[in-house]
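Enquirer: Just one file: run.cif, with mmCIF, C-alpha atoms.
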data_data
#
loop_
_atom_site.group_PDB
_atom_site.id
_atom_site.type_symbol
_atom_site.label_atom_id
_atom_site.label_comp_id
_atom_site.auth_asym_id
_atom_site.auth_seq_id
_atom_site.Cartn_x
_atom_site.Cartn_y
_atom_site.Cartn_z
ATOM 1 C CA MET A 11 113.339 85.993 108.163
ATOM 2 C CA ALA A 12 113.164 89.772 108.057
ATOM 3 C CA ASN A 13 116.089 91.744 109.460
ATOM 4 C CA SER A 14 117.662 95.174 109.457
ATOM 5 C CA GLY A 15 121.241 93.909 109.205
ATOM 6 C CA ALA A 16 123.486 91.094 110.364
ATOM 7 C CA ASP A 17 122.352 89.250 113.520
ATOM 8 C CA THR A 18 119.114 91.245 113.882
ATOM 9 C CA ASN A 19 116.583 88.491 113.068
ATOM 10 C CA GLY A 20 113.459 88.789 115.178
ATOM 11 C CA THR A 21 109.923 87.529 114.735
ATOM 12 C CA GLN A 22 109.047 88.964 111.313
ATOM 13 C CA PHE A 23 109.224 86.839 108.196
ATOM 14 C CA PHE A 24 108.448 86.992 104.496
ATOM 15 C CA VAL A 25 106.159 84.624 102.617
ATOM 16 C CA THR A 26 107.698 84.659 99.144
ATOM 17 C CA LEU A 27 105.528 83.882 96.129
ATOM 18 C CA ALA A 28 108.208 84.079 93.432
ATOM 19 C CA PRO A 29 112.004 83.700 93.215
ATOM 20 C CA THR A 30 113.720 86.331 95.421
ATOM 21 C CA ARG A 31 117.369 85.625 94.748
ATOM 22 C CA TRP A 32 118.466 89.067 95.976
ATOM 23 C CA LEU A 33 117.598 87.889 99.504
ATOM 24 C CA ASP A 34 120.053 84.963 99.359
ATOM 25 C CA PHE A 35 122.647 84.949 102.168
ATOM 26 C CA ASP A 36 121.114 88.082 103.700
ATOM 27 C CA HIS A 37 117.967 86.413 105.034
ATOM 28 C CA ILE A 38 117.539 82.987 106.614
ATOM 29 C CA ILE A 39 115.176 80.539 104.892
ATOM 30 C CA PHE A 40 113.504 78.673 107.737
ATOM 31 C CA GLY A 41 110.546 76.963 106.058
ATOM 32 C CA GLN A 42 109.166 75.579 102.831
ATOM 33 C CA LEU A 43 105.517 75.074 101.935
ATOM 34 C CA VAL A 44 104.613 71.452 101.171
ATOM 35 C CA ARG A 45 100.819 71.702 101.397
ATOM 36 C CA GLY A 46 98.157 74.342 102.041
ATOM 37 C CA TRP A 47 98.369 76.104 98.693
ATOM 38 C CA ASP A 48 94.848 77.444 99.122
ATOM 39 C CA VAL A 49 95.980 79.287 102.254
ATOM 40 C CA LEU A 50 98.942 80.712 100.347
ATOM 41 C CA SER A 51 96.633 81.961 97.602
ATOM 42 C CA ALA A 52 94.380 83.572 100.210
ATOM 43 C CA ILE A 53 97.365 85.380 101.754
ATOM 44 C CA GLU A 54 98.553 86.501 98.324
ATOM 45 C CA SER A 55 95.122 87.975 97.536
ATOM 46 C CA LYS A 56 95.534 90.406 100.473
ATOM 47 C CA GLY A 57 98.896 91.734 99.257
ATOM 48 C CA THR A 58 99.674 94.973 97.438
ATOM 49 C CA SER A 59 102.576 96.221 95.359
ATOM 50 C CA GLY A 60 103.504 98.560 98.211
ATOM 51 C CA GLY A 61 103.846 95.707 100.699
ATOM 52 C CA THR A 62 100.962 96.653 103.017
ATOM 53 C CA THR A 63 98.184 94.061 103.102
ATOM 54 C CA THR A 64 94.603 95.122 102.468
ATOM 55 C CA GLN A 65 93.585 93.084 105.501
ATOM 56 C CA ASP A 66 95.508 91.809 108.522
ATOM 57 C CA VAL A 67 96.775 88.262 108.050
ATOM 58 C CA ILE A 68 96.884 86.676 111.503
ATOM 59 C CA ILE A 69 98.285 83.333 112.657
ATOM 60 C CA THR A 70 95.659 82.125 115.148
ATOM 61 C CA LYS A 71 97.372 78.836 115.973
ATOM 62 C CA ALA A 72 100.784 77.286 115.419
ATOM 63 C CA GLN A 73 101.996 73.832 116.394
ATOM 64 C CA MET A 74 104.687 71.270 115.646
ATOM 65 C CA VAL A 75 103.429 68.357 113.524
ATOM 66 C CA THR A 76 105.416 65.218 112.712
ATOM 67 C CA ASN A 77 105.155 64.963 108.944
ATOM 68 C CA THR A 78 104.970 61.341 107.765
ATOM 69 C CA THR A 79 103.323 61.941 104.375
ATOM 70 C CA ASP A 80 105.471 64.537 102.592
ATOM 71 C CA ALA A 81 108.999 64.421 101.239
ATOM 72 C CA ILE A 82 111.098 66.912 99.273
ATOM 73 C CA ALA A 83 113.508 66.167 96.432
ATOM 74 C CA ARG A 84 115.980 68.769 95.133
ATOM 75 C CA LEU A 85 116.996 68.514 91.479
ATOM 76 C CA ARG A 86 119.904 70.210 89.746
ATOM 77 C CA ALA A 87 121.837 69.827 86.548
ATOM 78 C CA ALA A 88 125.017 67.776 86.654
ATOM 79 C CA PRO A 89 128.234 69.802 87.143
ATOM 80 C CA ASN A 90 129.582 71.550 84.028
ATOM 81 C CA THR A 91 126.294 71.044 82.181
ATOM 82 C CA SER A 92 125.376 73.801 79.720
ATOM 83 C CA VAL A 93 121.778 74.698 80.548
ATOM 84 C CA PRO A 94 119.832 76.538 77.789
ATOM 85 C CA ALA A 95 117.661 79.545 78.598
ATOM 86 C CA LEU A 96 114.467 77.471 78.453
ATOM 87 C CA GLY A 97 115.938 74.915 80.826
ATOM 88 C CA ILE A 98 116.411 71.166 80.702
ATOM 89 C CA GLN A 99 113.317 68.965 80.810
ATOM 90 C CA CYS A 100 113.510 65.491 82.232
ATOM 91 C CA ASP A 101 111.086 62.783 83.233
ATOM 92 C CA ALA A 102 110.862 61.848 86.910
ATOM 93 C CA THR A 103 108.882 59.210 88.747
ATOM 94 C CA VAL A 104 108.266 59.075 92.477
ATOM 95 C CA ARG A 105 107.448 55.711 93.999
ATOM 96 C CA VAL A 106 106.070 55.110 97.496
ATOM 97 C CA TYR A 107 106.487 51.553 98.736
ATOM 98 C CA GLN A 108 104.468 49.753 101.361
ATOM 99 C CA GLY A 109 107.034 48.659 103.912
ATOM 100 C CA VAL A 110 110.778 48.501 103.365
ATOM 101 C CA ASP A 111 110.799 45.846 100.634
ATOM 102 C CA PRO A 112 111.349 47.586 97.221
ATOM 103 C CA SER A 113 109.934 44.525 95.475
ATOM 104 C CA GLY A 114 106.565 44.938 97.164
ATOM 105 C CA SER A 115 103.525 46.920 96.087
ATOM 106 C CA TYR A 116 103.837 50.660 95.546
ATOM 107 C CA SER A 117 102.078 53.759 94.296
ATOM 108 C CA TYR A 118 103.739 56.123 91.853
ATOM 109 C CA ARG A 119 103.375 59.427 90.078
ATOM 110 C CA SER A 120 105.381 60.794 87.144
ATOM 111 C CA PHE A 121 106.055 64.425 86.339
ATOM 112 C CA THR A 122 108.319 66.567 84.159
ATOM 113 C CA PRO A 123 110.525 69.002 86.095
ATOM 114 C CA ILE A 124 112.444 71.770 84.341
ATOM 115 C CA VAL A 125 115.949 72.594 85.541
ATOM 116 C CA LYS A 126 116.894 76.173 84.630
ATOM 117 C CA ALA A 127 120.253 77.941 84.682
ATOM 118 C CA ASP A 128 121.081 80.058 87.715
ATOM 119 C CA ALA A 129 121.204 83.604 86.360
ATOM 120 C CA SER A 130 121.986 85.141 89.765
ATOM 121 C CA ASN A 131 125.578 85.706 90.877
ATOM 122 C CA SER A 132 125.648 85.113 94.635
ATOM 123 C CA GLU A 133 128.063 87.227 96.637
ATOM 124 C CA PRO A 134 130.586 85.547 98.963
ATOM 125 C CA TYR A 135 129.766 84.811 102.574
ATOM 126 C CA ILE A 136 131.916 84.082 105.601
ATOM 127 C CA HIS A 137 131.836 80.961 107.706
ATOM 128 C CA SER A 138 131.408 81.548 111.434
ATOM 129 C CA VAL A 139 134.636 82.707 113.120
ATOM 130 C CA ARG A 140 135.002 81.853 116.802
ATOM 131 C CA ASP A 141 136.462 84.019 119.529
ATOM 132 C CA VAL A 142 140.190 83.442 120.078
ATOM 133 C CA TYR A 143 141.871 82.884 123.455
ATOM 134 C CA ALA A 144 145.593 83.273 124.065
ATOM 135 C CA ASN A 145 148.019 83.480 126.963
ATOM 136 C CA VAL A 146 149.471 86.818 128.019
ATOM 137 C CA ASN A 147 152.315 87.934 125.690
ATOM 138 C CA GLN A 148 151.356 85.204 123.178
ATOM 139 C CA PRO A 149 150.499 86.116 119.552
ATOM 140 C CA ALA A 150 147.008 85.118 118.469
ATOM 141 C CA THR A 151 145.837 84.028 115.022
ATOM 142 C CA VAL A 152 142.444 84.729 113.466
ATOM 143 C CA THR A 153 141.648 82.684 110.361
ATOM 144 C CA ALA A 154 138.630 83.534 108.206
ATOM 145 C CA TYR A 155 137.086 81.208 105.635
ATOM 146 C CA GLY A 156 134.788 82.518 102.919
ATOM 147 C CA ALA A 157 132.742 80.736 100.273
ATOM 148 C CA ASP A 158 131.443 81.758 96.864
ATOM 149 C CA LEU A 159 129.010 79.517 95.000
ATOM 150 C CA GLU A 160 130.371 80.498 91.590
ATOM 151 C CA GLY A 161 134.005 80.201 92.650
ATOM 152 C CA ASP A 162 134.717 83.929 92.207
ATOM 153 C CA ASN A 163 137.621 85.610 93.989
ATOM 154 C CA ILE A 164 137.088 86.364 97.691
ATOM 155 C CA TYR A 165 138.840 89.256 99.412
ATOM 156 C CA TYR A 166 139.321 89.403 103.194
ATOM 157 C CA PHE A 167 139.396 92.471 105.427
ATOM 158 C CA PHE A 168 140.078 92.963 109.142
ATOM 159 C CA ASP A 169 139.624 95.985 111.384
ATOM 160 C CA TYR A 170 139.973 96.632 115.123
ATOM 161 C CA ASP A 171 139.186 98.953 118.002
ATOM 162 C CA VAL A 172 140.532 102.497 117.777
ATOM 163 C CA ASP A 173 142.084 102.120 121.234
ATOM 164 C CA HIS A 174 143.951 98.911 120.546
ATOM 165 C CA HIS A 175 146.697 97.168 122.481
ATOM 166 C CA ALA A 176 148.358 95.054 119.811
ATOM 167 C CA THR A 177 150.111 95.059 116.451
ATOM 168 C CA TRP A 178 148.494 93.427 113.418
ATOM 169 C CA VAL A 179 149.836 91.594 110.371
ATOM 170 C CA GLN A 180 147.430 90.304 107.679
ATOM 171 C CA ASN A 181 148.259 87.618 105.142
ATOM 172 C CA ASN A 182 145.202 87.109 102.914
ATOM 173 C CA ASN A 183 142.628 85.414 105.197
ATOM 174 C CA ILE A 184 144.926 85.089 108.239
ATOM 175 C CA LEU A 185 145.453 87.824 110.812
ATOM 176 C CA THR A 186 148.273 87.546 113.346
ATOM 177 C CA ILE A 187 147.897 89.772 116.416
ATOM 178 C CA THR A 188 150.772 90.426 118.829
ATOM 179 C CA PRO A 189 149.620 92.010 122.122
ATOM 180 C CA ASP A 190 151.455 94.750 123.964
ATOM 181 C CA PRO A 191 153.736 93.345 126.697
ATOM 182 C CA GLY A 192 151.714 92.299 129.730
ATOM 183 C CA PHE A 193 148.339 93.225 128.201
ATOM 184 C CA VAL A 194 145.372 91.397 129.778
ATOM 185 C CA GLY A 195 141.954 91.874 128.190
ATOM 186 C CA TYR A 196 140.483 91.682 124.716
ATOM 187 C CA GLU A 197 140.404 93.296 121.301
ATOM 188 C CA ARG A 198 137.305 93.416 119.083
ATOM 189 C CA VAL A 199 138.147 92.287 115.558
ATOM 190 C CA TRP A 200 135.924 92.974 112.542
ATOM 191 C CA VAL A 201 136.180 90.233 109.917
ATOM 192 C CA ALA A 202 134.675 90.742 106.450
ATOM 193 C CA VAL A 203 134.610 89.206 102.978
ATOM 194 C CA SER A 204 133.948 91.004 99.714
ATOM 195 C CA HIS A 205 133.754 90.479 95.954
ATOM 196 C CA SER A 206 135.849 93.647 95.577
ATOM 197 C CA SER A 207 139.550 94.075 96.272
ATOM 198 C CA GLN A 208 138.806 97.458 97.904
ATOM 199 C CA LEU A 209 136.076 98.543 100.297
ATOM 200 C CA LEU A 210 135.014 101.802 98.709
ATOM 201 C CA SER A 211 131.534 101.798 100.285
ATOM 202 C CA GLN A 212 129.394 99.763 102.651
ATOM 203 C CA SER A 213 127.836 97.978 99.661
ATOM 204 C CA ASP A 214 131.224 96.342 98.998
ATOM 205 C CA VAL A 215 130.951 94.442 102.293
ATOM 206 C CA ASP A 216 129.158 91.198 101.452
ATOM 207 C CA ASP A 217 129.342 89.548 104.868
ATOM 208 C CA SER A 218 131.011 90.335 108.181
ATOM 209 C CA GLN A 219 131.103 89.563 111.866
ATOM 210 C CA ILE A 220 132.797 90.825 115.005
ATOM 211 C CA ILE A 221 134.773 88.503 117.273
ATOM 212 C CA ARG A 222 136.892 88.928 120.389
ATOM 213 C CA VAL A 223 140.533 88.042 120.843
ATOM 214 C CA CYS A 224 141.165 87.564 124.574
ATOM 215 C CA TRP A 225 144.497 87.465 126.389
ATOM 216 C CA GLY A 226 144.718 85.970 129.877
ATOM 217 C CA GLU A 227 141.262 84.391 129.504
ATOM 218 C CA LYS A 228 140.048 80.824 129.012
ATOM 219 C CA PRO A 229 136.780 79.661 127.393
ATOM 220 C CA ILE A 230 134.088 78.105 129.574
ATOM 221 C CA THR A 231 132.100 74.893 129.104
ATOM 222 C CA VAL A 232 128.386 75.601 129.488
ATOM 223 C CA ALA A 233 125.607 73.151 130.455
ATOM 224 C CA PRO A 234 122.136 74.640 129.737
ATOM 225 C CA ASN A 235 119.244 73.826 132.066
ATOM 226 C CA ASN A 236 115.593 73.566 131.001
ATOM 227 C CA ILE A 237 113.061 74.757 133.552
ATOM 228 C CA VAL A 238 109.379 74.087 134.240
ATOM 229 C CA GLY A 239 106.753 76.222 135.923
ATOM 230 C CA ASN A 240 103.242 77.629 135.816
ATOM 231 C CA ALA A 241 101.849 80.811 134.344
ATOM 232 C CA ASN A 242 101.571 83.701 136.846
ATOM 233 C CA VAL A 243 103.600 81.770 139.441
ATOM 234 C CA ALA A 244 106.983 83.326 140.229
ATOM 235 C CA LEU A 245 110.117 81.338 139.492
ATOM 236 C CA ALA A 246 112.441 82.375 142.292
ATOM 237 C CA SER A 247 116.193 81.949 141.900
ATOM 238 C CA VAL A 248 115.817 79.219 139.276
ATOM 239 C CA GLN A 249 118.931 77.697 137.730
ATOM 240 C CA VAL A 250 119.223 78.479 134.000
ATOM 241 C CA CYS A 251 122.691 77.055 133.357
ATOM 242 C CA ARG A 252 125.970 75.870 134.847
ATOM 243 C CA PHE A 253 129.500 76.238 133.537
ATOM 244 C CA VAL A 254 133.066 75.198 134.180
ATOM 245 C CA ASP A 255 135.851 77.751 133.822
ATOM 246 C CA GLY A 256 138.961 76.776 131.880
ATOM 247 C CA ASP A 257 140.949 79.034 134.222
ATOM 248 C CA PRO A 258 141.263 77.289 137.607
ATOM 249 C CA THR A 259 141.816 80.640 139.334
ATOM 250 C CA GLY A 260 138.453 82.051 138.199
ATOM 251 C CA THR A 261 135.906 83.229 140.776
ATOM 252 C CA ALA A 262 132.274 84.317 140.592
ATOM 253 C CA ALA A 263 133.445 87.929 140.685
ATOM 254 C CA ASN A 264 135.063 87.411 137.267
ATOM 255 C CA PHE A 265 131.683 86.856 135.599
ATOM 256 C CA GLN A 266 128.365 88.577 135.090
ATOM 257 C CA ALA A 267 125.271 87.270 133.336
ATOM 258 C CA ALA A 268 121.958 88.408 131.873
ATOM 259 C CA VAL A 269 118.930 86.350 130.829
ATOM 260 C CA CYS A 270 116.489 86.774 127.956
ATOM 261 C CA TRP A 271 113.467 84.778 129.171
ATOM 262 C CA GLY A 272 111.946 84.484 125.694
ATOM 263 C CA ASP A 273 108.523 85.984 126.420
ATOM 264 C CA GLY A 274 109.115 89.466 125.018
ATOM 265 C CA THR A 275 110.224 91.067 128.277
ATOM 266 C CA GLU A 276 113.425 93.053 128.679
ATOM 267 C CA THR A 277 116.688 91.138 129.067
ATOM 268 C CA ASP A 278 117.139 90.706 132.821
ATOM 269 C CA SER A 279 120.390 91.263 134.678
ATOM 270 C CA SER A 280 119.092 92.657 137.975
ATOM 271 C CA SER A 281 117.821 89.312 139.320
ATOM 272 C CA VAL A 282 120.614 87.178 137.851
ATOM 273 C CA VAL A 283 123.339 85.858 140.152
ATOM 274 C CA VAL A 284 126.516 83.936 139.300
ATOM 275 C CA SER A 285 127.758 81.716 142.147
ATOM 276 C CA TYR A 286 130.618 79.243 142.519
ATOM 277 C CA ASN A 287 130.727 75.868 144.253
ATOM 278 C CA ALA A 288 134.342 75.388 145.314
ATOM 279 C CA VAL A 289 133.818 71.694 146.082
ATOM 280 C CA LYS A 290 132.337 70.788 142.694
ATOM 281 C CA LYS A 291 134.291 73.529 140.897
ATOM 282 C CA VAL A 292 131.135 74.535 139.028
ATOM 283 C CA PHE A 293 129.602 77.968 138.443
ATOM 284 C CA THR A 294 125.817 78.354 138.540
ATOM 285 C CA VAL A 295 123.659 81.058 136.970
ATOM 286 C CA LYS A 296 120.281 81.694 138.606
ATOM 287 C CA GLY A 297 117.524 84.221 137.987
ATOM 288 C CA SER A 298 113.937 85.039 138.915
ATOM 289 C CA HIS A 299 111.035 85.566 136.548
ATOM 290 C CA THR A 300 107.255 85.298 136.192
ATOM 291 C CA TYR A 301 105.674 84.090 132.956
ATOM 292 C CA THR A 302 102.178 85.447 132.352
ATOM 293 C CA LYS A 303 101.071 82.778 129.899
ATOM 294 C CA ALA A 304 101.609 79.109 129.157
ATOM 295 C CA GLY A 305 103.875 77.778 126.413
ATOM 296 C CA GLN A 306 107.443 76.821 125.623
ATOM 297 C CA PHE A 307 109.822 79.784 125.740
ATOM 298 C CA PRO A 308 113.461 79.891 124.545
ATOM 299 C CA ILE A 309 115.865 81.065 127.247
ATOM 300 C CA THR A 310 119.171 82.697 126.305
ATOM 301 C CA VAL A 311 121.809 83.345 128.976
ATOM 302 C CA PHE A 312 124.552 85.857 128.117
ATOM 303 C CA ILE A 313 127.737 85.260 130.129
ATOM 304 C CA GLU A 314 130.519 87.859 130.151
ATOM 305 C CA GLY A 315 133.999 87.547 131.656
ATOM 306 C CA ASP A 316 136.032 90.496 132.882
ATOM 307 C CA ARG A 317 138.843 89.644 130.442
ATOM 308 C CA GLY A 318 136.679 89.550 127.337
ATOM 309 C CA LEU A 319 134.902 86.202 127.393
ATOM 310 C CA SER A 320 131.445 86.291 125.820
ATOM 311 C CA GLN A 321 129.395 83.093 125.573
ATOM 312 C CA LYS A 322 125.740 82.070 125.429
ATOM 313 C CA SER A 323 123.623 79.275 126.842
ATOM 314 C CA LYS A 324 120.316 78.283 125.241
ATOM 315 C CA SER A 325 117.569 76.287 126.936
ATOM 316 C CA TYR A 326 113.759 76.268 127.306
ATOM 317 C CA ALA A 327 111.097 77.102 129.855
ATOM 318 C CA ASN A 328 108.036 74.834 129.707
ATOM 319 C CA ILE A 329 105.235 76.765 131.359
ATOM 320 C CA ALA A 330 101.841 75.189 132.097
ATOM 321 C CA LEU A 331 98.533 76.907 132.883
#
Output the file's structure as structure tokens, nothing else.
Expert:
Amino acid sequence: MANSGADTNGTQFFVTLAPTRWLDFDHIIFGQLVRGWDVLSAIESKGTSGGTTTQDVIITKAQMVTNTTDAIARLRAAPNTSVPALGIQCDATVRVYQGVDPSGSYSYRSFTPIVKADASNSEPYIHSVRDVYANVNQPATVTAYGADLEGDNIYYFFDYDVDHHATWVQNNNILTITPDPGFVGYERVWVAVSHSSQLLSQSDVDDSQIIRVCWGEKPITVAPNNIVGNANVALASVQVCRFVDGDPTGTAANFQAAVCWGDGTETDSSSVVVSYNAVKKVFTVKGSHTYTKAGQFPITVFIEGDRGLSQKSKSYANIAL
């Protein structure tokens, strides 16, 4: 996937024709070619060293296909194996059996793969850190976990809002935050990992994310809702998700929501309404939208609480002609 920074993936993607190790952990790998090499060669023939193709390469049709004829095997040298520059050659045989009985008839093909040493030193990355919820006047703890493929040292860094309402104590990858007396609300916390013990420039930040630490707030339990409809027929006040509030005193006024309908239109908040059923103790998010074409569209609902809660719901709209 192409992006312009963390969490900015959109619809652009690279088709890589050679190893691109410098993209590791900065760009998501979402596909691997298993057949259609002639198409790949045709795409490559339109490329230039400057990155602009000599002719537009257009996807005219895309569909999901259940693949029952291809399989992928990943090979690597055993741990602590010294791999020479030319690599390690080995003989491999793939067998395909008819049925589940390994003693039955089969077809096979042998080949000689070459396992080469990894000459690229991957920078550390951070595992996802969740938002933290705490009671008023209660200290909160943020714990970050990083990983480095080569086992190099990982250094952790935390930062916070300029206008903050808490005191902070860091111990390696653990941050303890003590709120000001009676504070209700949230603090934004920046969590980062680096290969360097000091952040002298932005290039020293290898991976980071921003979370919220909320006091006086409880997380919600969200139930997404898929919807169906027809192109050019308005969906009026359609339910996109429900949720249950962990705080029994919560009301609809404590929440606001916006919906990304997945068809390239602006994120909608004007038609979105959060309501509460006091009998069932369930909140409902509804919105109105008109799809102009058929297809399956991913719906993302952004739910915000007035004390800092920020959660998402993901579902689909199946729109017919």
Enquirer: I need the residue nearest Phe167 in chain A from this list: A:Ala262, A:Val125, A:Val179, A:Leu27. Use only C-alpha atoms for the distance.
Expert: A:Val179
Enquirer: Considering all atoms listed in the file, return as a ChimeraX atom specification whatever protein or nucleic-acid residues lie within 12 Å of Thr300 in chain A, sequence-local ones (same chain, fewer than 6 positions apart) excluded.
Expert: /A:238-248,271-273,275,278,281,327,329
Enquirer: What is the distance, in Å and to one decimal place, between CA of Gly195 in chain A and CA of Pro258 in chain A?
Expert: 17.4 Å
Enquirer: Expanded to explicit residues, what is the PyMOL selection byres ((chain A and resi 202-204) around 8) for this file, as a PyMOL selection string?
Expert: chain A and resi 133-136+156+164-168+200-201+205-207+209+214-219
Enquirer: Using only C-alpha atoms, find each residue of range 20-54 of chain A with at least one atom at most 10 Å away from an atom of range 70-94 of chain A; report its shortest atom-to-atom pair and that distance in Å (one decimal), sort the rows by chain and rising residue number, and return the result as CSV.
Expert:
residue,atom,partner,partner_atom,distance
A:Gln42,CA,A:Ile82,CA,9.6
A:Val44,CA,A:Asp80,CA,7.1
A:Arg45,CA,A:Asp80,CA,8.6
Enquirer: Apply the PyMOL selection byres ((chain A and resi 160) around 8) to the file shown and report the selected residues as a ChimeraX atom specification.
Expert: /A:131-132,158-159,161-162
Enquirer: Could you write out as a list in words the residues that the PyMOL selection byres ((chain A and resi 282) around 6) matches in the shown file?
Expert: Ser279, Ser280, Ser281, Val283, Lys296 and Gly297 of chain A
Enquirer: Return the single residue from A:Pro29, A:Pro189, A:Pro308, A:Pro234 that is closest to His174 in chain A, with distances computed using all atoms listed in the file.
Expert: A:Pro189
Enquirer: What's the separation between CA of Val284 in chain A and CA of Gln249 in chain A, in Å to one decimal place?
Expert: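 Between these atoms lies a distance of 9.9 Å.
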Enquirer: Find the residues around range 60-69 of chain A up to 12 Å (only C-alpha atoms counted), leave out those fewer than 4 positions away in its own chain, and share them as an MDAnalysis selection string.
Expert: chainID A and resid 24:26 49:50 52:56 73
Enquirer: Expressed in Å to a single decimal, how great is the separation between CA of His175 in chain A and CA of Ser320 in chain A?
Expert: 19.0 Å
